[in-house]
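Chemist: Can you read through this structure? Questions will come right after.
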Amino acid sequence: MTREEAYRLILSQMRLPPPEFSEEELSSLIRFVQASGIRPEGPGGAPFSLEGRRYLEPLYAERQDRPFRRLVIMKAAQMGLTTRLMYRAAWWVADARRKVDVALMFPTQDAVLDLHKTRFRPMMRSSARMMRLIADVDAVEVVRIGVSNMRFRGMRSGVSVDSIPVDVLLFDEVRLMDVATIERAFARVSASRLEGPEGRGIIELNSTAGFPGADIDYYFRRSSQHHWHTRCPNPACPNHKGFVMAFTWPDCVDPDRMVYRCPKCGRVIEDPQDGFYAPLGPEDAEWEGYAFNQILLGARRLPELWRAYQRMVIEGANPSEFYNSYLGLPHRDPNAILVTGEVMDACRGLDPTYRWPAPGPHPEGWWTAMGVDQRGVEKHVVIARWGPGGRVYLAHLEVVERSGEEAAAYLAHLAREWGVDIVIVDAEPSYDLAVSLGRRLPRGMVWLADYVHDRPQPLEWSDQRDREAIRKSSGEAKWEFWVFIDRYKHLLQAQMLFVNRRVALATDFEAKVQELRRLGQRVPVSLGLEFRAHFENIARTTIPRRRRDAEGREVEEEPRYTWRHLALDPHFVHAWGYAVAGLMRRGGTSEVVRPREREGLDPPGYQAQLPPELRPQSRHAAECATCRYFRHSPEGGMGLCQNPVVAASLGVPPPVRTSPRTVGCHHHRR
Ligand SMILES: [Zn+2]
């Protein structure tokens, strides 16, 4: 050991607080829970007990020398899991001599604050031993505990999850998070010193059930799938060796006597927790998986369960929510996906003459909007136009693989090339990209989009709002053109355009092909098929809303609707939503408008903000057909503009394809 190393060792030993818990007390989770004296409801609450919760025993029996390195728990609501999550997090940081970084991931920042206030702080304050380790229990972002850190994060933005390395990564309510964001967060344990045969670090996912094959079920299917098996008390019955009661719902209920019964022999089951876990998954599963539900809470809970079943499933109020939150089973309402492949195929025949158009402004000057989703590495672009009869024509799809200034320049080029009237671009994750694009195009043409929730109307434009209502965010101060999009309401109306057969798709829909980087190779991809697949990966679902009443009891409120991504992130759906917002801007309203004919219409969009003399002239005065630079095509239709100034202003080489009826060119010369 060098002098330098010896010096550091002494220093680090001096900094170490005395061990608060002995090795024996830390040897298992249950031992730590008992030794710490942490009470689930905080100071004055009842001490911890597993009575009535036998299904949690294997989870509390976890040993420090043989931890669950990859744990996935799919459950019903209100099963006592949040308490266990807090205990498990505290256990890992309670060894004052070993630095362990724990991160607790929640769907939103609101969820973080709520948990911190109603669970974490009261629980820690109930233990004098824990409080001796904790520097500042009120710190929300990072709580220092001995030499270790406990971090709390809301995942909605996706921004905060990438950087800090952690050893123990615990996720709560996975069904409200995107799989892509979760997987990105996994990388944070890659440098952990906690190492075992299954990999580095410790990861736990727990959640009420969501959609089959997605959400928590995506991971549960890759797990050992331990389901709680209840024994039928009748020794002669095949179910005596154990069966999963939730799988047999509602046959496991005798509604006349309001008791649980064996669906095979009819014998009353007094205690559904008389049983054991048995794995139903593959033996070499990557994850340890556990599933349990409210049936295990027994006959006392049954009347409430039965009422919920009547209301949500039989009366049809919300079947998925019953299976997810009460039975802990994945479930999807058959109507959850609005724009199925079938719906989209029906839109292909709407205009049998329509094929993908060539780049260029629309020959008749249809209002054209471009939507840009920039949340992935790739930027997804949708260009759409208002056609006659209130029909929307999908004109172009593209995936832009560039980034930074290069991406902004290319997107501006696309907008000019296609004669776009308005661009709606996602303001996140790169605000700079959105603003850079805005600065490259005429003032008022580019609008930054921000998703908001629970607004009275689907779209709110920053120039429509009361001054007091304008949010004083730093972003908005720097850029004046914003559209606030109610995520649920607007994506609903944007998708309903397909359902109501108002979108005309090209008959050669698959033929929109682009070469893209996939798994390190450049391959041709049909963007038409990709667009179709994205719409099949967004589904409507509900989020239960619970609040605490004056006595601290959880009360269920009307659930709220939301959109969930399924197996992939449907970027084209969001880009479509932005393009539709741009189309709606034409009428200056936030509703789906039937486009009127151009004549007699107030100047649309950004043109309304120009002084009258700079607005396009009336169509008869300045049609391209009367311009000296225009060359008619011998077949009629689109002609060519030979003016190099026009080409330069559009950023394309001359000549420029344009319709003889195009109006509004500032370079028109008789
Ligand atoms: Zn039986």
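As shown in the structure tokens, the chain order sets the letters A, B, ...; within each chain, residues go from 1, and ligands are also counted from 1 in the order they appear.
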Counting only C-alpha atoms and all ligand atoms, which protein, DNA or RNA residues come within 10 Å of ligand 1, given as a list of chain:residue names?

Modeler: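 Here is the list of contacting residues: A:Arg231, A:Cys232, A:Pro233, A:Asn234, A:Pro235, A:Ala236, A:Cys237, A:Pro238, A:Asn239, A:His240, A:Lys241, A:Gly242, A:Phe243, A:Arg261, A:Cys262, A:Pro263, A:Lys264, A:Cys265, A:Gly266, A:Arg267, A:Val268, A:Ile269.
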
Chemist: Name all residues at most 10 Å from region 431-441 of chain A (count only C-alpha atoms; drop same-chain ones fewer than 2 positions away) and give them as a ChimeraX atom specification.

Modeler: /A:372,374,403-413,415-416,422-429,443-449,475,478-479,481

Chemist: I need the residues from that last selection saved to file as a PDB file, in the first residue's frame (with C-alpha atoms), if you can.

Modeler:
```
ATOM      1  CA  VAL A 372     -42.460  16.158 -36.363  1.00  0.00           C
ATOM      2  CA  GLN A 374     -38.479  13.929 -32.139  1.00  0.00           C
ATOM      3  CA  SER A 403     -29.381  15.213 -35.387  1.00  0.00           C
ATOM      4  CA  GLY A 404     -28.723  18.732 -34.155  1.00  0.00           C
ATOM      5  CA  GLU A 405     -28.385  21.592 -36.645  1.00  0.00           C
ATOM      6  CA  GLU A 406     -28.160  19.165 -39.525  1.00  0.00           C
ATOM      7  CA  ALA A 407     -31.578  17.750 -38.619  1.00  0.00           C
ATOM      8  CA  ALA A 408     -33.071  21.240 -38.284  1.00  0.00           C
ATOM      9  CA  ALA A 409     -31.718  22.269 -41.697  1.00  0.00           C
ATOM     10  CA  TYR A 410     -33.047  19.119 -43.319  1.00  0.00           C
ATOM     11  CA  LEU A 411     -36.506  19.439 -41.724  1.00  0.00           C
ATOM     12  CA  ALA A 412     -36.699  23.057 -42.950  1.00  0.00           C
ATOM     13  CA  HIS A 413     -35.760  21.841 -46.424  1.00  0.00           C
ATOM     14  CA  ALA A 415     -41.078  21.879 -45.260  1.00  0.00           C
ATOM     15  CA  ARG A 416     -40.099  24.106 -48.188  1.00  0.00           C
ATOM     16  CA  ILE A 422     -47.479  25.079 -40.912  1.00  0.00           C
ATOM     17  CA  VAL A 423     -45.083  22.883 -38.935  1.00  0.00           C
ATOM     18  CA  ILE A 424     -45.874  21.459 -35.504  1.00  0.00           C
ATOM     19  CA  VAL A 425     -42.788  20.070 -33.799  1.00  0.00           C
ATOM     20  CA  ASP A 426     -42.420  18.286 -30.502  1.00  0.00           C
ATOM     21  CA  ALA A 427     -40.600  20.623 -28.086  1.00  0.00           C
ATOM     22  CA  GLU A 428     -38.912  17.655 -26.373  1.00  0.00           C
ATOM     23  CA  PRO A 429     -36.384  16.237 -25.879  1.00  0.00           C
ATOM     24  CA  ARG A 443     -42.015  33.695 -38.550  1.00  0.00           C
ATOM     25  CA  GLY A 444     -45.221  32.110 -37.232  1.00  0.00           C
ATOM     26  CA  MET A 445     -44.910  29.001 -39.395  1.00  0.00           C
ATOM     27  CA  VAL A 446     -43.357  26.708 -36.777  1.00  0.00           C
ATOM     28  CA  TRP A 447     -45.238  25.894 -33.580  1.00  0.00           C
ATOM     29  CA  LEU A 448     -43.712  24.024 -30.671  1.00  0.00           C
ATOM     30  CA  ALA A 449     -45.938  21.345 -29.180  1.00  0.00           C
ATOM     31  CA  GLY A 475     -39.091  27.803 -22.929  1.00  0.00           C
ATOM     32  CA  LYS A 478     -37.843  32.267 -25.715  1.00  0.00           C
ATOM     33  CA  TRP A 479     -40.250  31.057 -28.386  1.00  0.00           C
ATOM     34  CA  PHE A 481     -45.503  30.104 -30.950  1.00  0.00           C
TER      35      PHE A 481
END
```

Chemist: Once you count only C-alpha atoms, what closest atom pair and distance in Å to one decimal does each residue of region 135-225 of chain A within 9 Å of region 556-570 of chain A have, with rows by chain and rising residue number, as JSON lines?

Modeler:
```
{"residue": "A:Arg175", "atom": "CA", "partner": "A:Arg564", "partner_atom": "CA", "distance": 8.6}
{"residue": "A:Leu176", "atom": "CA", "partner": "A:Arg564", "partner_atom": "CA", "distance": 7.9}
{"residue": "A:Met177", "atom": "CA", "partner": "A:Arg564", "partner_atom": "CA", "distance": 8.7}
{"residue": "A:Asp178", "atom": "CA", "partner": "A:His565", "partner_atom": "CA", "distance": 6.8}
{"residue": "A:Val179", "atom": "CA", "partner": "A:Ala567", "partner_atom": "CA", "distance": 7.8}
{"residue": "A:Ala180", "atom": "CA", "partner": "A:Asp569", "partner_atom": "CA", "distance": 7.3}
{"residue": "A:Phe211", "atom": "CA", "partner": "A:Leu566", "partner_atom": "CA", "distance": 7.9}
{"residue": "A:Gly213", "atom": "CA", "partner": "A:Ala567", "partner_atom": "CA", "distance": 7.8}
{"residue": "A:Ala214", "atom": "CA", "partner": "A:Leu566", "partner_atom": "CA", "distance": 5.5}
{"residue": "A:Asp215", "atom": "CA", "partner": "A:Leu566", "partner_atom": "CA", "distance": 7.4}
{"residue": "A:Tyr218", "atom": "CA", "partner": "A:Ala567", "partner_atom": "CA", "distance": 8.6}
```

Chemist: Could you jot down the CA of Ser49 (chain A) to CA of Ala90 (chain A) separation for me, Å, one decimal place?

Modeler: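 Computing the Euclidean distance for CA of Ser49 (chain A) and CA of Ala90 (chain A) yields 17.1 Å.
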
Chemist: Show me, as a list in words, the residues that have an atom within 8 Å of Pro107 (chain A) when counting only C-alpha atoms, minus same-chain residues fewer than 3 positions from it.

Modeler: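 Answer for this query is Ala111, Gly154, Met155, Arg156, Asp172, Glu173, Val174, Leu176 and Met177 of chain A.
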
Chemist: DSSP on the backbone, then: every residue of region 117-202 of chain A marked alpha helix (DSSP H), written as a list of chain:residue names.

Modeler: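 Here are the alpha helix (DSSP H) residues of region 117-202 of chain A: A:Arg121, A:Pro122, A:Met123, A:Met124, A:Arg125, A:Ala128, A:Arg129, A:Met130, A:Met131, A:Arg132, A:Leu133, A:Val179, A:Ala180, A:Thr181, A:Ile182, A:Glu183, A:Arg184, A:Ala185, A:Phe186.
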
Chemist: Please report, as a Markdown table, each residue of region 17-121 of chain A lying at most 9 Å from region 295-319 of chain A, together with the nearest pair of atoms and the separation in Å rounded to one decimal; use only C-alpha atoms, and order rows by chain and ascending residue number.

Modeler:
```
| residue | atom | partner | partner_atom | distance |
| --- | --- | --- | --- | --- |
| A:Gly52 | CA | A:Leu297 | CA | 7.3 |
| A:Arg53 | CA | A:Leu297 | CA | 7.8 |
| A:Tyr55 | CA | A:Leu296 | CA | 8.0 |
| A:Met79 | CA | A:Leu297 | CA | 8.5 |
```

Chemist: Can you write just those residues out, C-alpha atoms, as an mmCIF file, in the first residue's frame?

Modeler:
```cif
data_model
loop_
_atom_site.group_PDB
_atom_site.id
_atom_site.type_symbol
_atom_site.label_atom_id
_atom_site.label_comp_id
_atom_site.auth_asym_id
_atom_site.auth_seq_id
_atom_site.Cartn_x
_atom_site.Cartn_y
_atom_site.Cartn_z
ATOM 1 C CA GLY A 52 -52.918 -12.142 6.803
ATOM 2 C CA ARG A 53 -50.224 -11.629 4.163
ATOM 3 C CA TYR A 55 -48.229 -14.413 0.079
ATOM 4 C CA MET A 79 -51.598 -5.660 -1.671
#
```

Chemist: I'd like to know which of A:Leu397, A:Gly328, A:Asn335, A:Arg670 is closest to Gln78 (chain A), using only C-alpha atoms.

Modeler: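 Answer, going by the shortest atom-to-atom distance: A:Gly328.
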